[in-house]
There are 2 protein chains.
Amino acid sequence: MTTEPLSRARIVTAAIDLIEREGADAVSMRRIAAELGVGVMSLYNHVPNKDALLNGVAEAVLSEIEFTDDPDADWTDRVRTQARAFRQIAHHYPRCTMLVVSRQLSSAAGLLPVERALATLRSAGFDGPDAVRVVRLFIAFIVGSLLREVGVTPTFAPVHHRHLAGAEAVDPALFPEVSALAPLLGACDHDAEFEFGVELLIQAITVLHAREEGAR
Amino acid sequence: MTTEPLSRARIVTAAIDLIEREGADAVSMRRIAAELGVGVMSLYNHVPNKDALLNGVAEAVLSEIEFTDDPDADWTDRVRTQARAFRQIAHHYPRCTMLVVSRQLSSAAGLLPVERALATLRSAGFDGPDAVRVVRLFIAFIVGSLLREVGVTPTFAPVHHRHLAGAEAVDPALFPEVSALAPLLGACDHDAEFEFGVELLIQAITVLHAREEGAR
DNA sequence: AGGGGGGACGTACACCGTACGTACCCTTTC
DNA sequence: GAAAGGGTACGTACGGTGTACGTCCCCCCT
């Protein structure tokens, strides 16, 4: 049996697999070591501590985003594409999403998406401050969307037909709107919801863009 | 000494205090018990387990949002006000924000904000599906903003002048835009950033609103 | 007065992250 | 060839965690 040498990369991918298979709570150094058929303390030869390992996981996931940027396309299309690319994480690594979103990584992995977004906006004619503002707006929207999609943020979905028609659903007297719109709130087409948000944002920054062009 | 009887409420507020004082990592059943001058296992007479306790914390924080809704105001003003009210949590309980945002609570506490938002939008003339979409859009934006504000989400701030002018900052060859805009990325006026986003979103849904009115 | 239920508490267990010491192997140097 | 050195794997051990379980005591109700 060719037991290839332990390495940071192997540890990180083992952690990712474990998280996707059993959830973030299942992650422990012992568990990962067992997964790799290795002593617990051997991990520490390649990773300073658990926290750094989780940062590694976040970076690895983040750096798998495929940015196929076509510089000739319309800037709105490029923005659309980049936003969708970012959202891919939630599909490829649903249970790692929380991790990616909830640790700030000062490494290069985290900077690439920003670089691309800024380049797109700058080349479209936005000035520096506006480009930064718009990027932050998009990131906030995408992060919030991913969290909802991953099932973690308050979807604020009502009790969602707890199994049967649990009569204890929502008190229509206290929450008239919520209970009236319960069917809509209970279901969520994440794709459609995301696209709606992206289009709305793009349209909004388009008028910002027009204003800048006009002022020029 | 009038040692008032242990209660779920007392436990939850002790947890909130502890989190705000020492951060979420400091929370342990033993720690909270010590804080209350009480045996560890006594807590379990009022709270089924730690997870439920943290849910209680999230609900308590969430339910402290002050919604002073003026039904006579312009609907855009009401939306603005509600968005800002939600953001207040980040200021009152900065270190609890992550908790509020990262657990889905199916209790009534989580439904109130949605109820208010839906009511505002419906009374402004949005139909059901659009109202739900818009609420979700706003929640995504606000959640994402709060996470950034609380310092947890990838601000994607570059190395932020690590102490001195650390020459290892950002490679301008790899990240030209990021390094060019580093001063802007390094600083973030959260208030301004939030207002920018809210105004842009409101403006965007205003045209959606106009379209609906026109079709009527 | 007696009985019963609920709250407070101590002990115990399985698991966690990781500091530290040890044994091995592989490479480099004489 | 031998010796020396460094990096890797590993076991043990410590202080911490959540919580299951059993015991005690007090208060209230009959």
# chains A, B, ... in the order shown; residues from 1 in each chain; ligands from 1

$ closest_atom_pairs --of "chain A" --to "chain B" --cutoff "8 Å" --atoms "only C-alpha atoms" --output "JSON lines"
{"residue": "A:Val101", "atom": "CA", "partner": "B:Thr153", "partner_atom": "CA", "distance": 5.5}
{"residue": "A:Ser102", "atom": "CA", "partner": "B:Thr153", "partner_atom": "CA", "distance": 5.0}
{"residue": "A:Arg103", "atom": "CA", "partner": "B:Val152", "partner_atom": "CA", "distance": 5.6}
{"residue": "A:Gln104", "atom": "CA", "partner": "B:Pro154", "partner_atom": "CA", "distance": 4.4}
{"residue": "A:Leu105", "atom": "CA", "partner": "B:Pro154", "partner_atom": "CA", "distance": 6.4}
{"residue": "A:Ser106", "atom": "CA", "partner": "B:Val159", "partner_atom": "CA", "distance": 6.1}
{"residue": "A:Gly110", "atom": "CA", "partner": "B:Phe156", "partner_atom": "CA", "distance": 6.2}
{"residue": "A:Leu111", "atom": "CA", "partner": "B:Phe156", "partner_atom": "CA", "distance": 6.0}
{"residue": "A:Leu112", "atom": "CA", "partner": "B:Phe175", "partner_atom": "CA", "distance": 7.5}
{"residue": "A:Val114", "atom": "CA", "partner": "B:Phe156", "partner_atom": "CA", "distance": 7.0}
{"residue": "A:Glu115", "atom": "CA", "partner": "B:Val178", "partner_atom": "CA", "distance": 5.6}
{"residue": "A:Leu118", "atom": "CA", "partner": "B:Glu177", "partner_atom": "CA", "distance": 6.3}
{"residue": "A:Ala119", "atom": "CA", "partner": "B:Glu177", "partner_atom": "CA", "distance": 6.2}
{"residue": "A:Gly128", "atom": "CA", "partner": "B:Leu181", "partner_atom": "CA", "distance": 6.7}
{"residue": "A:Pro129", "atom": "CA", "partner": "B:Leu184", "partner_atom": "CA", "distance": 6.8}
{"residue": "A:Val132", "atom": "CA", "partner": "B:Leu185", "partner_atom": "CA", "distance": 6.9}
{"residue": "A:Arg133", "atom": "CA", "partner": "B:Glu193", "partner_atom": "CA", "distance": 6.8}
{"residue": "A:Arg136", "atom": "CA", "partner": "B:Glu193", "partner_atom": "CA", "distance": 8.0}
{"residue": "A:Leu137", "atom": "CA", "partner": "B:Gly197", "partner_atom": "CA", "distance": 6.1}
{"residue": "A:Ile139", "atom": "CA", "partner": "B:Gly144", "partner_atom": "CA", "distance": 7.2}
{"residue": "A:Ala140", "atom": "CA", "partner": "B:Gly144", "partner_atom": "CA", "distance": 3.9}
{"residue": "A:Phe141", "atom": "CA", "partner": "B:Phe141", "partner_atom": "CA", "distance": 4.3}
{"residue": "A:Ile142", "atom": "CA", "partner": "B:Gly144", "partner_atom": "CA", "distance": 7.4}
{"residue": "A:Val143", "atom": "CA", "partner": "B:Gly144", "partner_atom": "CA", "distance": 5.2}
{"residue": "A:Gly144", "atom": "CA", "partner": "B:Ala140", "partner_atom": "CA", "distance": 3.9}
{"residue": "A:Ser145", "atom": "CA", "partner": "B:Ala140", "partner_atom": "CA", "distance": 5.1}
{"residue": "A:Leu147", "atom": "CA", "partner": "B:Ser102", "partner_atom": "CA", "distance": 7.7}
{"residue": "A:Arg148", "atom": "CA", "partner": "B:Ala140", "partner_atom": "CA", "distance": 7.5}
{"residue": "A:Gly151", "atom": "CA", "partner": "B:Gln104", "partner_atom": "CA", "distance": 7.6}
{"residue": "A:Val152", "atom": "CA", "partner": "B:Ser102", "partner_atom": "CA", "distance": 5.5}
{"residue": "A:Thr153", "atom": "CA", "partner": "B:Ser102", "partner_atom": "CA", "distance": 5.0}
{"residue": "A:Pro154", "atom": "CA", "partner": "B:Gln104", "partner_atom": "CA", "distance": 4.3}
{"residue": "A:Thr155", "atom": "CA", "partner": "B:Gln104", "partner_atom": "CA", "distance": 6.8}
{"residue": "A:Phe156", "atom": "CA", "partner": "B:Leu111", "partner_atom": "CA", "distance": 6.0}
{"residue": "A:Ala157", "atom": "CA", "partner": "B:Ser106", "partner_atom": "CA", "distance": 7.4}
{"residue": "A:Pro158", "atom": "CA", "partner": "B:Ser106", "partner_atom": "CA", "distance": 6.5}
{"residue": "A:Val159", "atom": "CA", "partner": "B:Ser106", "partner_atom": "CA", "distance": 6.1}
{"residue": "A:Phe175", "atom": "CA", "partner": "B:Glu115", "partner_atom": "CA", "distance": 6.0}
{"residue": "A:Pro176", "atom": "CA", "partner": "B:Glu115", "partner_atom": "CA", "distance": 7.5}
{"residue": "A:Glu177", "atom": "CA", "partner": "B:Glu115", "partner_atom": "CA", "distance": 5.9}
{"residue": "A:Val178", "atom": "CA", "partner": "B:Glu115", "partner_atom": "CA", "distance": 5.6}
{"residue": "A:Leu181", "atom": "CA", "partner": "B:Gly128", "partner_atom": "CA", "distance": 6.7}
{"residue": "A:Leu184", "atom": "CA", "partner": "B:Pro129", "partner_atom": "CA", "distance": 6.8}
{"residue": "A:Leu185", "atom": "CA", "partner": "B:Val132", "partner_atom": "CA", "distance": 6.9}
{"residue": "A:Glu193", "atom": "CA", "partner": "B:Arg133", "partner_atom": "CA", "distance": 6.8}
{"residue": "A:Phe196", "atom": "CA", "partner": "B:Arg133", "partner_atom": "CA", "distance": 7.8}
{"residue": "A:Gly197", "atom": "CA", "partner": "B:Leu137", "partner_atom": "CA", "distance": 6.0}
{"residue": "A:Leu200", "atom": "CA", "partner": "B:Ala204", "partner_atom": "CA", "distance": 6.3}
{"residue": "A:Leu201", "atom": "CA", "partner": "B:Leu201", "partner_atom": "CA", "distance": 7.2}
{"residue": "A:Gln203", "atom": "CA", "partner": "B:Ala204", "partner_atom": "CA", "distance": 7.2}
{"residue": "A:Ala204", "atom": "CA", "partner": "B:Ala204", "partner_atom": "CA", "distance": 5.3}
{"residue": "A:Ile205", "atom": "CA", "partner": "B:Leu200", "partner_atom": "CA", "distance": 7.7}

$ interface_residues --of "chain A" --to "chain C" --cutoff "8 Å" --atoms "only C-alpha atoms (C1' of nucleotides)" --output "PDB file with N, CA, C and O atoms, in the first residue's frame"
ATOM      1  N   SER A  28     -13.290  17.198  14.012  1.00  0.00           N
ATOM      2  CA  SER A  28     -12.363  17.274  15.132  1.00  0.00           C
ATOM      3  C   SER A  28     -11.034  16.725  14.639  1.00  0.00           C
ATOM      4  O   SER A  28     -10.982  15.956  13.689  1.00  0.00           O
ATOM      5  N   MET A  29      -9.991  17.141  15.306  1.00  0.00           N
ATOM      6  CA  MET A  29      -8.674  16.697  14.868  1.00  0.00           C
ATOM      7  C   MET A  29      -8.595  15.170  14.900  1.00  0.00           C
ATOM      8  O   MET A  29      -8.052  14.537  13.993  1.00  0.00           O
ATOM      9  N   LYS A  50      -6.182  23.917  14.850  1.00  0.00           N
ATOM     10  CA  LYS A  50      -7.453  23.652  14.178  1.00  0.00           C
ATOM     11  C   LYS A  50      -7.987  24.875  13.448  1.00  0.00           C
ATOM     12  O   LYS A  50      -8.530  24.768  12.351  1.00  0.00           O
TER      13      LYS A  50
END

$ interface_residues --of "chain D" --to "chain A" --cutoff "12 Å" --atoms "only C-alpha atoms (C1' of nucleotides)" --output "PyMOL selection string"
chain D and resi 7-12

$ write_last_selection --atoms "N, CA and C atoms (P, O5', C5', C4', C3', O3' and C1' of nucleotides)" --output "CSV table (one decimal), in the first residue's frame"
chain,number,residue,atom,x,y,z
D,7,DG,P,14.1,20.8,9.7
D,7,DG,O5',12.8,19.9,9.2
D,7,DG,C5',13.0,19.3,8.0
D,7,DG,C4',12.2,17.9,8.1
D,7,DG,C3',10.8,18.1,8.5
D,7,DG,O3',9.9,17.4,7.6
D,7,DG,C1',11.9,16.4,9.7
D,8,DT,P,8.4,17.7,7.6
D,8,DT,O5',7.7,16.3,8.0
D,8,DT,C5',8.1,15.2,7.3
D,8,DT,C4',7.7,14.0,8.2
D,8,DT,C3',6.3,14.0,8.7
D,8,DT,O3',5.6,12.9,8.2
D,8,DT,C1',7.9,13.3,10.4
D,9,DA,P,4.1,12.7,8.5
D,9,DA,O5',4.1,11.6,9.6
D,9,DA,C5',4.4,10.2,9.3
D,9,DA,C4',4.5,9.4,10.6
D,9,DA,C3',3.2,9.3,11.3
D,9,DA,O3',2.9,7.9,11.5
D,9,DA,C1',4.9,10.0,12.8
D,10,DC,P,1.4,7.5,12.0
D,10,DC,O5',1.6,7.6,13.6
D,10,DC,C5',2.6,6.7,14.2
D,10,DC,C4',2.8,7.1,15.6
D,10,DC,C3',1.5,7.2,16.4
D,10,DC,O3',1.3,6.0,17.1
D,10,DC,C1',3.2,8.8,17.0
D,11,DG,P,0.0,5.7,18.0
D,11,DG,O5',0.5,5.9,19.5
D,11,DG,C5',1.9,5.8,19.8
D,11,DG,C4',2.1,5.9,21.3
D,11,DG,C3',0.9,5.8,22.2
D,11,DG,O3',1.3,5.2,23.4
D,11,DG,C1',1.7,8.0,22.3
D,12,DT,P,0.2,5.0,24.6
D,12,DT,O5',0.4,6.3,25.5
D,12,DT,C5',1.8,6.7,25.9
D,12,DT,C4',1.8,7.9,26.7
D,12,DT,C3',0.7,8.1,27.8
D,12,DT,O3',1.3,8.4,29.0
D,12,DT,C1',0.8,10.0,26.5

$ atom_distance --atom1 "atom CA of Asp191 of chain A" --atom2 "atom CA of Thr68 of chain A"
20.0 Å

$ select_by_dssp --residues "chain A" --states "alpha helix (DSSP H)" --output "ChimeraX atom specification"
/A:8-22,29-36,50-62,75-92,97-102,108-124,128-149,176-180,182-186,190-215

$ write_last_selection --atoms "C-alpha atoms" --output "CSV table (one decimal), in the first residue's frame"
chain,number,residue,atom,x,y,z
A,8,ARG,CA,-1.4,20.1,4.4
A,9,ALA,CA,-3.4,19.7,1.2
A,10,ARG,CA,-4.4,16.1,2.1
A,11,ILE,CA,-5.5,17.2,5.5
A,12,VAL,CA,-7.5,20.1,4.2
A,13,THR,CA,-9.3,17.9,1.6
A,14,ALA,CA,-10.0,15.3,4.2
A,15,ALA,CA,-11.6,18.0,6.3
A,16,ILE,CA,-13.7,19.2,3.4
A,17,ASP,CA,-14.9,15.7,2.7
A,18,LEU,CA,-15.7,15.2,6.3
A,19,ILE,CA,-17.7,18.4,6.6
A,20,GLU,CA,-19.7,17.7,3.5
A,21,ARG,CA,-20.4,14.2,4.6
A,22,GLU,CA,-21.3,14.8,8.2
A,29,MET,CA,-8.7,16.7,14.9
A,30,ARG,CA,-9.1,13.1,16.0
A,31,ARG,CA,-11.8,12.5,13.5
A,32,ILE,CA,-9.8,13.9,10.6
A,33,ALA,CA,-6.7,11.9,11.7
A,34,ALA,CA,-8.8,8.7,11.8
A,35,GLU,CA,-10.2,9.5,8.4
A,36,LEU,CA,-6.6,9.7,7.1
A,50,LYS,CA,-7.5,23.7,14.2
A,51,ASP,CA,-8.3,27.2,13.5
A,52,ALA,CA,-5.7,27.5,10.8
A,53,LEU,CA,-7.0,24.3,9.3
A,54,LEU,CA,-10.5,25.7,9.0
A,55,ASN,CA,-9.1,28.8,7.4
A,56,GLY,CA,-7.3,26.4,5.0
A,57,VAL,CA,-10.7,24.8,4.2
A,58,ALA,CA,-12.3,28.2,3.6
A,59,GLU,CA,-9.5,29.2,1.3
A,60,ALA,CA,-9.5,25.9,-0.6
A,61,VAL,CA,-13.2,26.2,-1.2
A,62,LEU,CA,-13.0,29.8,-2.2
A,75,TRP,CA,-20.0,44.8,-18.1
A,76,THR,CA,-23.4,43.9,-16.8
A,77,ASP,CA,-23.0,40.4,-18.1
A,78,ARG,CA,-19.6,40.2,-16.5
A,79,VAL,CA,-21.0,41.2,-13.2
A,80,ARG,CA,-23.8,38.6,-13.6
A,81,THR,CA,-21.3,35.9,-14.4
A,82,GLN,CA,-19.1,36.7,-11.4
A,83,ALA,CA,-22.0,36.8,-9.0
A,84,ARG,CA,-23.2,33.4,-10.2
A,85,ALA,CA,-19.7,32.0,-10.0
A,86,PHE,CA,-19.4,33.0,-6.4
A,87,ARG,CA,-22.7,31.4,-5.6
A,88,GLN,CA,-21.4,28.1,-7.0
A,89,ILE,CA,-19.7,27.4,-3.7
A,90,ALA,CA,-23.1,26.9,-2.1
A,91,HIS,CA,-23.8,24.2,-4.6
A,92,HIS,CA,-20.4,22.5,-4.7
A,97,THR,CA,-20.4,27.7,2.9
A,98,MET,CA,-20.9,28.9,6.4
A,99,LEU,CA,-17.2,28.5,7.0
A,100,VAL,CA,-16.2,30.4,3.9
A,101,VAL,CA,-18.5,33.2,4.8
A,102,SER,CA,-17.7,33.4,8.4
A,108,ALA,CA,-4.6,35.9,-1.5
A,109,ALA,CA,-7.4,33.4,-2.0
A,110,GLY,CA,-9.9,35.9,-0.6
A,111,LEU,CA,-8.6,38.7,-2.7
A,112,LEU,CA,-9.1,37.3,-6.2
A,113,PRO,CA,-12.8,37.7,-6.4
A,114,VAL,CA,-12.5,41.3,-5.3
A,115,GLU,CA,-9.8,41.9,-7.8
A,116,ARG,CA,-11.9,40.6,-10.6
A,117,ALA,CA,-15.0,42.5,-9.5
A,118,LEU,CA,-13.0,45.8,-9.2
A,119,ALA,CA,-11.4,45.3,-12.6
A,120,THR,CA,-14.8,44.8,-14.2
A,121,LEU,CA,-16.3,47.8,-12.6
A,122,ARG,CA,-13.3,50.1,-13.2
A,123,SER,CA,-13.2,49.1,-16.9
A,124,ALA,CA,-16.9,49.9,-17.1
A,128,GLY,CA,-12.6,54.0,-7.4
A,129,PRO,CA,-14.9,54.8,-4.5
A,130,ASP,CA,-18.0,53.8,-6.4
A,131,ALA,CA,-16.4,50.5,-7.5
A,132,VAL,CA,-15.5,49.6,-3.9
A,133,ARG,CA,-19.0,50.5,-2.7
A,134,VAL,CA,-20.7,48.4,-5.4
A,135,VAL,CA,-18.4,45.5,-4.7
A,136,ARG,CA,-19.3,45.6,-1.0
A,137,LEU,CA,-22.9,45.9,-1.8
A,138,PHE,CA,-22.8,42.8,-4.0
A,139,ILE,CA,-20.7,40.8,-1.5
A,140,ALA,CA,-23.2,41.6,1.2
A,141,PHE,CA,-26.1,40.5,-0.9
A,142,ILE,CA,-24.3,37.3,-2.0
A,143,VAL,CA,-23.2,36.4,1.4
A,144,GLY,CA,-26.7,36.9,2.8
A,145,SER,CA,-28.2,34.9,0.0
A,146,LEU,CA,-25.8,32.0,0.5
A,147,LEU,CA,-26.5,31.9,4.1
A,148,ARG,CA,-30.2,31.7,3.5
A,149,GLU,CA,-29.7,29.1,0.8
A,176,PRO,CA,-51.7,38.5,9.4
A,177,GLU,CA,-49.4,39.0,6.5
A,178,VAL,CA,-47.1,36.1,7.3
A,179,SER,CA,-49.9,33.7,7.6
A,180,ALA,CA,-51.6,35.0,4.5
A,182,ALA,CA,-47.4,31.4,4.3
A,183,PRO,CA,-47.4,29.4,1.1
A,184,LEU,CA,-45.0,31.8,-0.6
A,185,LEU,CA,-42.8,32.1,2.5
A,186,GLY,CA,-42.7,28.4,2.9
A,190,HIS,CA,-33.2,29.9,-4.5
A,191,ASP,CA,-32.2,30.2,-8.1
A,192,ALA,CA,-35.0,32.5,-9.0
A,193,GLU,CA,-34.6,34.5,-5.8
A,194,PHE,CA,-30.9,35.0,-6.5
A,195,GLU,CA,-31.4,36.0,-10.1
A,196,PHE,CA,-34.1,38.5,-9.0
A,197,GLY,CA,-31.7,40.1,-6.6
A,198,VAL,CA,-28.8,40.2,-9.1
A,199,GLU,CA,-30.9,41.7,-11.8
A,200,LEU,CA,-32.3,44.3,-9.5
A,201,LEU,CA,-28.9,45.3,-8.2
A,202,ILE,CA,-27.5,45.5,-11.7
A,203,GLN,CA,-30.3,47.6,-12.8
A,204,ALA,CA,-29.8,49.9,-9.9
A,205,ILE,CA,-26.1,50.3,-10.4
A,206,THR,CA,-26.8,50.9,-14.1
A,207,VAL,CA,-28.5,54.1,-13.3
A,208,LEU,CA,-25.6,55.0,-11.0
A,209,HIS,CA,-23.3,54.2,-13.9
A,210,ALA,CA,-25.4,56.4,-16.2
A,211,ARG,CA,-25.2,59.2,-13.7
A,212,GLU,CA,-21.4,59.0,-13.6
A,213,GLU,CA,-21.1,58.9,-17.4
A,214,GLY,CA,-23.4,61.9,-17.6
A,215,ALA,CA,-21.3,63.8,-15.2

$ atom_distance --atom1 "atom CA of Tyr44 of chain B" --atom2 "atom CA of Val27 of chain A"
25.8 Å

$ atom_distance --atom1 "atom CA of Ala24 of chain A" --atom2 "atom CA of Cys96 of chain A"
7.3 Å
